[in-house]
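Novice: I am sharing run.tsv, which consists of TSV, C-alpha atoms:
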```tsv
chain	number	residue	atom	x	y	z
Z	348	MET	CA	79.01	127.92	89.47
Z	349	THR	CA	79.61	124.22	88.72
Z	350	ASP	CA	82.05	122.46	91.06
Z	351	MET	CA	84.70	120.64	88.99
Z	352	SER	CA	86.53	119.26	92.03
Z	353	VAL	CA	87.30	115.58	92.53
Z	354	ARG	CA	86.99	114.62	96.19
Z	355	ILE	CA	87.88	111.67	98.41
Z	356	ASP	CA	85.04	110.27	100.52
Z	357	GLY	CA	86.49	107.49	102.65
Z	358	ASN	CA	88.34	105.51	99.94
Z	359	THR	CA	85.86	106.53	97.24
Z	360	LEU	CA	86.78	109.02	94.54
Z	361	ARG	CA	83.79	111.25	93.76
Z	362	LEU	CA	84.05	112.95	90.40
Z	363	PRO	CA	81.89	115.91	89.36
Z	364	GLY	CA	78.48	114.86	88.15
Z	365	GLY	CA	78.08	112.07	90.69
Z	366	ALA	CA	80.45	109.36	89.39
Z	367	ALA	CA	81.96	107.29	92.22
Z	368	VAL	CA	85.01	105.04	91.85
Z	369	ARG	CA	86.58	102.66	94.35
Z	370	PHE	CA	89.69	100.55	93.77
Z	371	VAL	CA	89.16	97.00	95.06
Z	372	ARG	CA	91.79	94.39	95.88
Z	373	THR	CA	91.15	90.95	94.41
Z	374	LEU	CA	92.63	87.57	93.56
Z	375	ARG	CA	94.89	87.34	90.53
Z	376	LEU	CA	93.56	84.91	87.93
Z	377	PRO	CA	95.56	82.33	85.97
Z	378	GLU	CA	96.61	83.71	82.60
Z	379	THR	CA	95.06	80.83	80.67
Z	380	GLY	CA	91.37	80.03	80.37
Z	381	THR	CA	88.35	82.23	81.09
Z	382	HIS	CA	87.08	82.55	84.64
Z	383	PRO	CA	84.18	83.89	86.75
Z	384	LEU	CA	84.54	87.30	88.39
Z	385	PRO	CA	86.94	87.10	91.35
Z	386	PRO	CA	85.86	88.39	94.76
Z	387	GLY	CA	86.57	91.74	96.33
Z	388	LEU	CA	89.07	91.57	99.19
Z	389	GLY	CA	88.75	95.09	100.54
Z	390	GLU	CA	89.42	98.59	99.24
Z	391	PHE	CA	92.77	100.12	98.47
Z	392	PRO	CA	93.40	103.16	100.70
Z	393	VAL	CA	93.48	106.40	98.69
Z	394	ARG	CA	95.34	109.59	99.69
Z	395	ARG	CA	95.74	113.01	98.07
Z	396	VAL	CA	99.19	113.72	96.62
Z	397	SER	CA	98.98	117.33	97.79
Z	398	ASP	CA	98.80	116.21	101.45
Z	399	TYR	CA	102.42	114.98	101.23
Z	400	PRO	CA	104.34	117.77	99.45
Z	401	ASP	CA	107.59	117.03	101.27
Z	402	THR	CA	107.81	113.32	100.50
Z	403	VAL	CA	106.13	112.63	97.15
Z	404	PRO	CA	108.28	112.83	94.01
Z	405	GLU	CA	108.28	116.22	92.30
Z	406	GLN	CA	106.75	114.74	89.14
Z	407	TRP	CA	103.77	113.50	91.17
Z	408	ARG	CA	103.21	116.94	92.64
Z	409	ALA	CA	103.13	118.35	89.11
Z	410	ARG	CA	100.49	115.81	88.03
Z	411	GLY	CA	98.43	116.15	91.20
Z	412	GLY	CA	95.73	113.62	91.91
Z	413	VAL	CA	95.76	110.76	94.39
Z	414	MET	CA	97.83	107.67	95.19
Z	415	LEU	CA	97.25	104.14	96.43
Z	416	PRO	CA	99.58	101.29	97.47
Z	417	VAL	CA	99.76	98.15	95.33
Z	418	TYR	CA	102.02	95.10	95.37
Z	419	LEU	CA	103.92	93.81	92.34
Z	420	ARG	CA	101.50	91.68	90.29
Z	421	GLU	CA	98.59	92.51	92.57
Z	422	ALA	CA	95.21	92.54	90.81
Z	423	MET	CA	92.48	95.16	91.20
Z	424	TRP	CA	89.06	96.09	89.89
Z	425	LEU	CA	87.18	99.38	89.75
Z	426	SER	CA	83.79	99.57	91.47
Z	427	PHE	CA	81.29	102.25	90.43
Z	428	GLY	CA	78.74	101.58	93.18
Z	429	GLY	CA	77.63	104.81	94.79
Z	430	THR	CA	77.31	106.67	91.47
Z	431	VAL	CA	74.29	108.94	91.93
Z	432	GLU	CA	73.57	110.28	88.42
Z	433	PRO	CA	74.33	109.13	84.86
Z	434	ALA	CA	77.92	109.73	83.80
Z	435	ALA	CA	80.26	108.74	81.00
Z	436	LEU	CA	83.57	107.72	82.55
Z	437	GLN	CA	86.84	107.36	80.67
Z	438	VAL	CA	89.36	104.96	82.22
Z	439	GLY	CA	92.99	105.23	81.14
Z	440	VAL	CA	95.88	102.90	81.95
Z	441	GLY	CA	99.06	104.84	81.27
Z	442	LYS	CA	96.89	107.19	79.17
Z	443	VAL	CA	95.68	104.33	76.96
Z	444	CYS	CA	91.91	103.92	76.99
Z	445	ALA	CA	90.98	100.64	78.73
Z	446	VAL	CA	87.83	100.35	76.57
Z	447	SER	CA	89.03	101.29	73.07
Z	448	GLY	CA	92.81	100.94	73.21
Z	449	LYS	CA	93.12	104.43	71.72
Z	450	PRO	CA	95.29	107.26	73.11
Z	451	TRP	CA	93.82	109.34	75.92
Z	452	SER	CA	91.38	111.99	74.69
Z	453	ASP	CA	89.51	114.93	76.18
Z	454	ARG	CA	86.42	114.05	74.13
Z	455	LEU	CA	84.03	111.12	74.09
Z	456	ALA	CA	84.03	108.92	70.99
Z	457	ARG	CA	81.65	106.24	69.79
Z	458	ASP	CA	83.53	104.38	67.04
Z	459	PRO	CA	85.11	102.80	68.95
Z	460	GLN	CA	83.45	103.74	72.24
Z	461	ASN	CA	86.07	105.13	74.63
Z	462	TYR	CA	84.16	105.20	77.92
Z	463	VAL	CA	81.88	103.23	80.22
Z	464	VAL	CA	78.34	104.35	81.08
Z	465	LEU	CA	77.48	104.74	84.75
Z	466	PRO	CA	75.57	103.50	86.64
Z	467	ARG	CA	74.78	100.84	83.98
Z	468	GLN	CA	78.37	99.55	84.18
Z	469	PRO	CA	78.67	98.34	87.79
Z	470	TRP	CA	82.41	97.70	87.69
Z	471	LEU	CA	85.41	97.21	85.41
Z	472	ASP	CA	87.95	94.46	86.13
Z	473	GLY	CA	90.30	94.94	83.19
Z	474	ILE	CA	90.83	95.99	79.60
Z	475	ASN	CA	88.19	95.24	76.96
Z	476	SER	CA	90.13	92.45	75.26
Z	477	GLY	CA	87.56	89.98	73.96
Z	478	LYS	CA	83.90	89.38	73.11
Z	479	GLY	CA	82.19	89.36	76.50
Z	480	THR	CA	85.52	89.17	78.34
Z	481	VAL	CA	88.12	91.44	79.89
Z	482	ARG	CA	91.72	90.83	80.91
Z	483	GLN	CA	92.38	91.56	84.56
Z	484	PHE	CA	94.21	94.71	85.72
Z	485	VAL	CA	97.56	93.68	87.26
Z	486	ALA	CA	100.20	96.04	88.68
Z	487	VAL	CA	103.70	95.92	87.19
Z	488	PRO	CA	106.70	98.30	87.22
Z	489	LEU	CA	107.42	100.59	84.31
Z	490	GLY	CA	110.54	100.00	82.26
Z	491	MET	CA	110.01	96.37	81.27
Z	492	GLY	CA	107.41	96.87	78.55
Z	493	ALA	CA	104.81	94.72	80.35
Z	494	THR	CA	102.24	97.47	80.92
Z	495	VAL	CA	99.32	98.07	78.57
Z	496	GLU	CA	100.90	101.47	77.90
Z	497	GLY	CA	104.22	99.90	76.91
Z	498	GLN	CA	102.68	97.27	74.64
Z	499	VAL	CA	100.29	99.66	72.88
Z	500	THR	CA	102.49	102.78	72.53
Z	501	GLY	CA	106.02	101.35	72.67
Z	502	GLU	CA	106.83	103.72	75.56
Z	503	GLU	CA	106.24	103.79	79.30
Z	504	VAL	CA	105.91	107.43	80.32
Z	505	TRP	CA	102.79	107.86	82.45
Z	506	GLY	CA	101.89	104.72	84.38
Z	507	GLY	CA	99.07	104.86	86.89
Z	508	VAL	CA	95.34	105.15	86.15
Z	509	GLN	CA	93.50	108.13	84.70
Z	510	LEU	CA	89.80	108.89	85.22
Z	511	GLN	CA	87.70	111.53	83.46
Z	512	SER	CA	83.94	112.04	83.79
Z	513	PHE	CA	81.34	113.66	81.53
Z	514	ARG	CA	77.85	114.79	82.57
Z	515	LEU	CA	74.66	114.58	80.58
Z	516	VAL	CA	73.74	117.84	78.88
Z	517	GLU	CA	71.37	119.90	81.03
Z	518	GLU	CA	68.19	119.00	79.13
Z	519	ARG	CA	68.82	115.24	79.35
Z	520	LEU	CA	69.90	115.46	82.98
Z	521	SER	CA	66.71	117.34	83.85
Z	522	GLU	CA	64.65	114.67	82.09
Z	523	TRP	CA	66.44	111.94	84.05
Z	524	ARG	CA	65.90	113.75	87.36
Z	525	ARG	CA	62.19	114.21	86.63
Z	526	ALA	CA	61.88	110.50	85.82
Z	527	GLN	CA	63.58	109.65	89.10
Z	528	GLN	CA	61.22	111.93	90.99
Z	529	ARG	CA	58.21	110.26	89.38
Z	530	MET	CA	59.53	106.84	90.37
Z	531	ARG	CA	60.02	107.96	93.96
Z	532	SER	CA	56.56	109.52	94.07
Z	533	ALA	CA	55.09	106.25	92.81
Z	534	GLY	CA	56.95	104.29	95.45
Z	535	GLY	CA	59.34	102.63	92.99
Z	536	PRO	CA	63.10	102.35	93.40
Z	537	ALA	CA	65.21	105.23	92.17
Z	538	MET	CA	68.37	104.50	90.23
Z	539	ALA	CA	70.84	106.02	92.67
Z	540	TYR	CA	73.44	103.42	93.59
Z	541	GLY	CA	75.16	102.63	96.87
Z	542	ALA	CA	75.02	104.31	100.24
Z	543	ALA	CA	76.76	107.19	101.91
Z	544	VAL	CA	80.26	106.45	103.18
Z	545	PRO	CA	82.13	108.12	106.02
Z	546	MET	CA	83.96	111.38	105.51
Z	547	ALA	CA	87.64	111.04	104.72
Z	548	MET	CA	89.78	111.69	107.78
Z	549	ALA	CA	92.59	114.17	107.60
Z	550	ALA	CA	95.88	112.67	106.49
Z	551	PRO	CA	98.52	112.20	109.20
Z	552	PRO	CA	101.55	114.48	109.16
Z	553	ALA	CA	104.03	113.43	106.50
Z	554	PRO	CA	107.31	111.97	107.81
Z	555	GLY	CA	110.51	113.86	107.34
Z	556	GLY	CA	113.05	113.41	104.58
Z	557	PRO	CA	113.45	115.01	101.18
Z	558	PRO	CA	111.31	113.86	98.26
Z	559	ARG	CA	112.94	111.52	95.79
Z	560	SER	CA	112.04	109.59	92.70
Z	561	ALA	CA	109.85	106.58	93.39
Z	562	PRO	CA	109.56	103.27	91.55
Z	563	ALA	CA	106.91	103.93	88.91
Z	564	MET	CA	104.06	101.44	88.58
Z	565	GLY	CA	101.51	100.88	85.85
Z	566	LEU	CA	98.89	98.31	84.88
Z	567	GLY	CA	99.49	95.27	82.76
Z	568	VAL	CA	97.00	92.45	82.31
Z	569	GLY	CA	96.47	89.00	83.76
Z	570	GLY	CA	93.85	86.35	83.24
Z	571	SER	CA	90.62	86.58	81.26
Z	572	MET	CA	87.18	86.69	82.88
Z	573	ARG	CA	83.58	86.83	81.74
Z	574	GLN	CA	82.55	90.49	81.83
Z	575	GLU	CA	80.87	92.78	79.31
Z	576	VAL	CA	81.69	96.43	78.68
Z	577	TYR	CA	78.27	97.82	77.84
Z	578	ARG	CA	77.56	99.80	74.71
Z	579	ASP	CA	76.09	103.25	75.32
Z	580	GLU	CA	72.42	103.31	74.32
Z	581	ARG	CA	72.22	107.11	74.29
Z	582	PRO	CA	73.23	109.26	71.32
Z	583	LEU	CA	76.62	110.88	71.81
Z	584	SER	CA	74.91	114.29	71.74
Z	585	ASP	CA	73.33	113.51	75.13
Z	586	TRP	CA	76.74	113.97	76.76
Z	587	ALA	CA	78.62	117.20	77.39
Z	588	ASP	CA	81.41	118.10	74.97
Z	589	THR	CA	83.92	118.79	77.74
Z	590	PRO	CA	84.79	116.75	80.85
Z	591	ALA	CA	83.34	117.70	84.22
Z	592	GLY	CA	86.46	116.57	86.07
Z	593	ARG	CA	89.46	114.31	85.97
Z	594	VAL	CA	92.02	112.74	88.30
Z	595	PHE	CA	95.42	111.03	87.99
Z	596	VAL	CA	95.81	107.95	90.20
Z	597	HIS	CA	99.44	107.13	91.06
Z	598	LEU	CA	100.29	103.52	91.96
Z	599	VAL	CA	102.78	103.28	94.83
Z	600	THR	CA	104.86	100.31	95.98
Z	601	PRO	CA	104.21	99.35	99.63
Z	602	PRO	CA	107.69	100.50	100.84
Z	603	GLU	CA	107.20	103.88	99.15
Z	604	TRP	CA	103.71	104.17	100.61
Z	605	ARG	CA	105.15	103.76	104.10
Z	606	ARG	CA	107.93	106.26	103.40
Z	607	ILE	CA	105.64	108.87	101.85
Z	608	THR	CA	102.66	108.63	104.20
Z	609	GLY	CA	104.01	107.08	107.37
Z	610	GLU	CA	101.19	104.51	107.16
Z	611	ALA	CA	101.49	100.75	107.03
Z	612	PRO	CA	100.42	99.38	103.63
Z	613	PRO	CA	97.70	96.71	103.44
Z	614	PRO	CA	98.85	93.11	103.95
Z	615	SER	CA	99.99	91.17	100.92
Z	616	PRO	CA	97.27	89.60	98.73
Z	617	VAL	CA	95.57	86.43	99.91
Z	618	ASP	CA	96.54	83.06	98.43
Z	619	ARG	CA	94.02	82.06	95.71
Z	620	ALA	CA	93.90	78.37	96.54
Z	621	ALA	CA	93.28	79.10	100.22
Z	622	TYR	CA	90.37	81.36	99.27
Z	623	THR	CA	88.80	78.71	97.06
Z	624	ARG	CA	89.34	75.93	99.62
Z	625	ALA	CA	87.49	78.05	102.20
Z	626	GLY	CA	84.39	77.89	99.98
Z	627	LEU	CA	84.11	81.66	99.52
Z	628	PRO	CA	82.16	82.97	96.50
Z	629	TRP	CA	83.09	83.90	92.94
Z	630	PHE	CA	80.61	85.73	90.73
Z	631	ASP	CA	78.92	85.79	87.34
Z	632	TYR	CA	77.14	88.94	86.12
Z	633	TYR	CA	74.94	89.13	83.05
Z	634	ASP	CA	72.62	91.85	81.78
Z	635	GLN	CA	70.42	90.42	79.03
Z	636	ASP	CA	69.21	93.89	77.94
Z	637	ALA	CA	72.69	95.33	77.34
Z	638	GLU	CA	74.94	95.08	74.31
Z	639	ASP	CA	78.66	94.44	74.67
Z	640	VAL	CA	81.25	96.82	73.19
Z	641	ALA	CA	83.33	94.87	70.67
Z	642	PRO	CA	87.05	94.62	71.48
Z	643	THR	CA	89.62	96.36	69.30
Z	644	ASP	CA	92.65	94.69	67.75
Z	645	THR	CA	94.87	96.91	69.90
Z	646	LEU	CA	93.62	95.53	73.21
Z	647	GLU	CA	93.09	91.97	71.98
Z	648	GLY	CA	96.82	91.83	71.30
Z	649	VAL	CA	98.00	92.87	74.79
Z	650	LYS	CA	99.95	90.01	76.39
Z	651	PRO	CA	99.62	89.04	80.07
Z	652	VAL	CA	102.38	89.99	82.49
Z	653	GLY	CA	103.55	86.40	82.90
Z	654	GLU	CA	104.94	86.47	79.36
Z	655	TRP	CA	107.19	89.36	80.43
Z	656	LEU	CA	108.02	88.57	84.05
Z	657	GLY	CA	107.73	84.78	84.10
Z	658	ASP	CA	105.03	82.61	85.65
Z	659	ASP	CA	104.84	82.76	89.45
Z	660	HIS	CA	101.40	81.20	89.88
Z	661	GLU	CA	100.84	78.64	92.59
Z	662	PRO	CA	98.77	75.61	91.50
Z	663	TRP	CA	95.28	76.71	90.49
Z	664	GLN	CA	92.22	75.32	92.28
Z	665	GLN	CA	89.05	75.79	90.26
Z	666	PRO	CA	86.07	77.06	92.28
Z	667	ALA	CA	83.22	74.57	92.62
Z	668	ALA	CA	79.98	75.29	90.78
Z	669	HIS	CA	78.15	76.17	94.03
Z	670	GLN	CA	80.77	78.87	94.78
Z	671	VAL	CA	79.92	80.93	91.67
Z	672	GLU	CA	77.04	83.27	92.50
Z	673	PRO	CA	74.93	84.98	89.78
Z	674	LEU	CA	74.46	88.74	90.22
Z	675	GLY	CA	71.88	91.15	88.86
Z	676	ASP	CA	72.22	94.31	87.43
Z	677	ALA	CA	80.99	114.74	97.95
Z	678	PRO	CA	82.29	115.57	100.94
Z	679	GLY	CA	86.01	115.91	101.65
Z	680	LYS	CA	88.71	118.27	100.41
Z	681	PRO	CA	89.12	118.72	96.62
Z	682	VAL	CA	91.83	116.69	94.92
Z	683	GLU	CA	94.29	118.91	93.11
Z	684	ASP	CA	94.66	118.30	89.39
Z	685	GLY	CA	97.91	118.91	87.54
Z	686	ASP	CA	99.67	118.72	84.20
Z	687	TRP	CA	99.21	115.39	82.47
```
What's the structure tokens form of this structure?
Specialist:
Amino acid sequence: MTDMSVRIDGNTLRLPGGAAVRFVRTLRLPETGTHPLPPGLGEFPVRRVSDYPDTVPEQWRARGGVMLPVYLREAMWLSFGGTVEPAALQVGVGKVCAVSGKPWSDRLARDPQNYVVLPRQPWLDGINSGKGTVRQFVAVPLGMGATVEGQVTGEEVWGGVQLQSFRLVEERLSEWRRAQQRMRSAGGPAMAYGAAVPMAMAAPPAPGGPPRSAPAMGLGVGGSMRQEVYRDERPLSDWADTPAGRVFVHLVTPPEWRRITGEAPPPSPVDRAAYTRAGLPWFDYYDQDAEDVAPTDTLEGVKPVGEWLGDDHEPWQQPAAHQVEPLGDAPGKPVEDGDW
């Protein structure tokens, strides 16, 4: 019987079929201009909603999934390192597809493409908003219209992030596995990505107090950066018709994280200018063999959060040329799914 469970492995979400997703803290970019890829500043901690039945809001229990703490206007990117077999991964922001701008769907689509292909796509930093560029994921509260969900649909109902994975059909997956075995037998590198990470530790006991509604958070967009969303080179028929698994990711304010889990949230994001002055690296990534997915009018028109909440940027310090580095191409308890 096929396991359709999503599991937490350290801070990595492992979806059925081998897709791995980590949420990475990063610097928030200026909302004007186009920039290199910002650095990773550590992983967001991830916890199962079902481990805190007495303190999470009732609506979260109904949706199931996981939660992570994020500050107002904090930026993040999704890392897919550690993915072990090919997968098609849908990424929703408030149940709006981050690749196509279309409503959330239980089926893969090609025109426009509504998924990223793993492990070919190493990461995703934002919505597919331009030719060879994305606009950075930035956390904002619901109710102001600043989220991607609010701007695209006119409503803010869901918030959070949604992930859904699809496997290759059995024949294609078997072909891929045989090819990997041949490469290993010949002494060549296999295409499995990343390394094993520690088992997730049991969550601490939840603090007392009745559950209540929590400030709802979603993702808006910030600055633009150079990043391609790769077009799938396989025919759509290579992928299964139905998803292997899915998970709802709730975004929690730091005070609510402390109240719900009893844990201290991560420290506030680092100052961008201080990072650049320290000489730490930014990144450029380019795959000459891959074709970019064209942006849709829907996502091209999404406005950055500063146009809704006002500009709070400190003076921007551009990284020096030598700081921009070019880049080349299971375990744990199941996460409970719910109604969403």
Novice: Which polymer residues have any atom within 6 Å of an atom of segment 433-442 of chain Z, counting all atoms listed in the file, with same-chain residues fewer than 6 positions away left out, as a short mmCIF file (atom, residue, chain, number, x, y, z; two decimals) with C-alpha atoms, keeping the file's coordinate frame?
Specialist:
```cif
data_model
loop_
_atom_site.label_atom_id
_atom_site.label_comp_id
_atom_site.auth_asym_id
_atom_site.auth_seq_id
_atom_site.Cartn_x
_atom_site.Cartn_y
_atom_site.Cartn_z
CA TRP Z 451 93.82 109.34 75.92
CA TYR Z 462 84.16 105.20 77.92
CA VAL Z 463 81.88 103.23 80.22
CA VAL Z 464 78.34 104.35 81.08
CA LEU Z 465 77.48 104.74 84.75
CA GLU Z 496 100.90 101.47 77.90
CA TRP Z 505 102.79 107.86 82.45
CA GLY Z 506 101.89 104.72 84.38
CA GLY Z 507 99.07 104.86 86.89
CA VAL Z 508 95.34 105.15 86.15
CA GLN Z 509 93.50 108.13 84.70
CA LEU Z 510 89.80 108.89 85.22
CA GLN Z 511 87.70 111.53 83.46
CA SER Z 512 83.94 112.04 83.79
CA PHE Z 513 81.34 113.66 81.53
CA ARG Z 514 77.85 114.79 82.57
#
```
Novice: Would you compute the distance between atom CA of Lys650 of chain Z and atom CA of Gly428 of chain Z? Give it in Å to one decimal.
Specialist: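 Atom-to-atom, atom CA of Lys650 of chain Z and atom CA of Gly428 of chain Z are spaced 29.4 Å apart.
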Novice: What gap, in Å, lies between atom CA of Leu362 of chain Z and atom CA of Arg524 of chain Z?
Specialist: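 It comes out at 18.4 Å.
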Novice: Closest to Ala367 of chain Z among Z:Pro612, Z:Pro601, Z:Pro469, Z:Gly479, using all atoms listed in the file?
Specialist: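 The shortest atom-to-atom distance to Ala367 of chain Z comes from Z:Pro469.
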Novice: Taking into account all atoms listed in the file, which residue in the set Z:Val396, Z:Ala591, Z:Leu598, Z:Val682 is nearest to Gly365 of chain Z?
Specialist: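 Between Z:Val396, Z:Ala591, Z:Leu598, Z:Val682, the residue approaching Gly365 of chain Z most closely is Z:Ala591.
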Novice: Tell me which of Z:Gly477, Z:Pro377, Z:Gly387, Z:Pro466 sits closest to Glu575 of chain Z, counting only C-alpha atoms.
Specialist: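 Ranking Z:Gly477, Z:Pro377, Z:Gly387, Z:Pro466 by distance to Glu575 of chain Z, first place goes to Z:Gly477.
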Novice: May I ask which of the residues Z:Val413, Z:Leu384, Z:Val371, Z:Val446 is the closest one to Phe595 of chain Z, counting all atoms listed in the file?
Specialist: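 With all atoms listed in the file as the atom set, the closest residue is Z:Val413.
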Novice: Closest to Trp604 of chain Z among Z:Met414, Z:Ala563, Z:Ala486, Z:Ala493, using all atoms listed in the file?
Specialist: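 Counting all atoms listed in the file, the residue closest to Trp604 of chain Z is Z:Met414.
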